[in-house]
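Enquirer: Here it is, the structure in full.
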Amino acid sequence: MRYALMFLAVAACRWEPPAPTARVRRGAIAGELLTPLASPPTICAAVEGTCDTKLLASVRTQARMELELAGMSLMDAERINAERRVRTHTESESENTRVVTDDLGGRDERVTTATAESSTTLGRTWADLATSEQRELLVESGFKGLILSRVDLGEPRGLGGYIQTVTVSLEIRRAADFELARSSRCAVETGDSNSMGVALEKATRCALEALYLW
């Protein structure tokens, strides 16, 4: 009986996060088909600590995969911007002399080999561009819209701070003027059954489904 009560007490202390709830906003151009889409880097804000860049990359990857399965075309905005950035490539060479012997005697042969190379990239990143420059770049590259992603990590709470609110926000805007087409936002709590990675995945899926199903 005592062990049964202890089991019930431990079970009662387990934190089971509630199901995520989506908040959706539809703009005046919600019915406009905006594809292909550019995908800028995910923005992150944390109340405490820093954001894991690998987890942020997983949000954008998940969004891209699911939207492409839905028939949309996406491309990394930084790759688009890279086409405008200046690249320099430098190679250094050295000459070596070797002796080759044949039936007529020896002769010298010079062989040139590349010993080292370096590459540098100059120019501004996507985040460095002004909004007007971003719009110009997207339109010139043939993009109809862009999808913006943001992650907000709330203040850790509970015993050891293992409970945290993870919010994923998505926006689709028209490339020509950045007019809002639609946006969605989903929050998931970390806990016993949700690690940070699992919470981000659930919040991203929730936001994606709300973006086009509602």
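Residue numbering restarts at 1 in every chain; chains get A, B, ... in the order shown in the structure tokens, and ligands count up from 1 in that same order.
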Within 10 Å of region 41-48 of chain A, which residues of region 147-180 of chain A show up? Give each one with its shortest atom-to-atom distance in Å (one decimal) and the two atoms involved, counting only C-alpha atoms, rows by chain then rising residue number, as CSV.
Expert:
residue,atom,partner,partner_atom,distance
A:Ile147,CA,A:Thr42,CA,9.7
A:Leu148,CA,A:Thr42,CA,7.1
A:Ser149,CA,A:Thr42,CA,5.0
A:Arg150,CA,A:Ile43,CA,4.6
A:Val151,CA,A:Cys44,CA,4.7
A:Asp152,CA,A:Ala45,CA,4.9
A:Leu153,CA,A:Ala46,CA,4.6
A:Gly154,CA,A:Val47,CA,5.6
A:Glu155,CA,A:Val47,CA,5.4
A:Pro156,CA,A:Glu48,CA,7.7
A:Val166,CA,A:Ala46,CA,9.5
A:Thr167,CA,A:Cys44,CA,9.9
A:Val168,CA,A:Cys44,CA,9.3
A:Ser169,CA,A:Ile43,CA,9.7
A:Leu170,CA,A:Thr42,CA,9.7
Enquirer: Could you name the residues that touch Ile80 (chain A) at 10 Å or less, counting only C-alpha atoms, but leaving out those on the same chain fewer than 6 positions away, as a PyMOL selection string?
Expert: chain A and resi 38-40+126+137-138+141
Enquirer: Atoms to include: C-alpha atoms. Write the selected residues as a short mmCIF file (atom, residue, chain, number, x, y, z; two decimals), in the first residue's frame.
Expert:
data_model
loop_
_atom_site.label_atom_id
_atom_site.label_comp_id
_atom_site.auth_asym_id
_atom_site.auth_seq_id
_atom_site.Cartn_x
_atom_site.Cartn_y
_atom_site.Cartn_z
CA ALA A 38 12.72 32.82 -49.87
CA SER A 39 13.63 31.60 -46.39
CA PRO A 40 15.79 34.01 -44.33
CA TRP A 126 21.16 38.98 -45.62
CA LEU A 137 17.00 41.32 -54.18
CA LEU A 138 13.99 39.00 -53.89
CA SER A 141 15.70 36.89 -58.20
#
Enquirer: Which of these residues is nearest to Ser58 (chain A), using only C-alpha atoms: A:Val198, A:Ser183, A:Ala207, A:Glu140?
Expert: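 Comparing A:Val198, A:Ser183, A:Ala207, A:Glu140 against Ser58 (chain A), the winner is A:Val198.
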Enquirer: Of the candidates A:Asp52, A:Glu66, A:Glu179, A:Asp76, which shows the shortest atom-to-atom distance to Pro36 (chain A), using only C-alpha atoms?
Expert: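 So, comparing all the options, the nearest one is A:Asp76.
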Enquirer: When you count only C-alpha atoms, which of these residues is closest to Leu74 (chain A): A:Gly142, A:Gly158, A:Gly191, A:Gly197?
Expert: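 Nearest candidate to Leu74 (chain A) out of A:Gly142, A:Gly158, A:Gly191, A:Gly197: A:Gly142.
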Enquirer: When distances are computed from only C-alpha atoms, which of A:Leu208, A:Val188, A:Ala176, A:Leu159 shows the smallest separation from Arg64 (chain A)?
Expert: A:Leu208
Enquirer: For Lys202 (chain A), which residue out of A:Leu69, A:Thr21, A:Arg79, A:Leu33 is the nearest one, using only C-alpha atoms?
Expert: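 Among the listed residues, A:Thr21 lies closest to Lys202 (chain A).
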Enquirer: Once DSSP has gone over the backbone, tell me which residues of region 137-191 of chain A are in strand (DSSP E or B), as JSON, numbers by chain.
Expert: {"A": [145, 146, 147, 148, 149, 150, 151, 152, 153, 157, 163, 165, 166, 167, 168, 169, 170, 171, 172, 173, 174, 180, 181, 182, 183, 184, 185, 186, 187, 188, 189]}
Enquirer: To one decimal place in Å, what is the distance between CA of Ala181 (chain A) and CA of Leu146 (chain A)?
Expert: 10.0 Å
Enquirer: Would you mind listing what lies within 8 Å of Phe178 (chain A) as a PyMOL selection string, with only C-alpha atoms counted and same-chain residues fewer than 4 positions away left out?
Expert: chain A and resi 135+145+173-174
Enquirer: Please produce a file of those selected residues containing N, CA, C and O atoms, as a compact mmCIF listing (two decimals), in the first residue's frame.
Expert:
# COMPACT_ATOMS: atom_id res chain seq x y z
N ARG A 135 13.97 43.52 -50.38
CA ARG A 135 12.85 43.43 -51.33
C ARG A 135 13.36 43.44 -52.77
O ARG A 135 12.92 42.65 -53.61
N GLY A 145 7.47 35.67 -52.67
CA GLY A 145 7.26 35.91 -51.25
C GLY A 145 8.42 35.41 -50.42
O GLY A 145 9.42 34.92 -50.95
N ARG A 173 5.05 36.68 -46.33
CA ARG A 173 4.84 38.03 -46.83
C ARG A 173 5.17 38.10 -48.32
O ARG A 173 5.97 37.32 -48.82
N ARG A 174 4.54 39.04 -49.00
CA ARG A 174 4.81 39.24 -50.42
C ARG A 174 6.16 39.90 -50.60
O ARG A 174 6.51 40.83 -49.86
Enquirer: Please indicate the distance in Å from CA of Leu180 (chain A) to CA of Ala210 (chain A), rounded to one decimal place.
Expert: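 If I compute the distance from CA of Leu180 (chain A) to CA of Ala210 (chain A), I get 15.3 Å.
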Enquirer: Just the alpha helix (DSSP H) stuff from region 15-88 of chain A, please, per backbone DSSP, written as a ChimeraX atom specification.
Expert: /A:53-69,77-82
Enquirer: Can you measure CA of Ile29 (chain A) to CA of Ile172 (chain A) for me? One decimal in Å is fine.
Expert: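 According to the coordinates, CA of Ile29 (chain A) and CA of Ile172 (chain A) are separated by 10.1 Å.
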Enquirer: Of the candidates A:Glu32, A:Ala77, A:Glu171, A:Ala127, which one gets nearest to Arg185 (chain A) if we count only C-alpha atoms?
Expert: A:Glu171
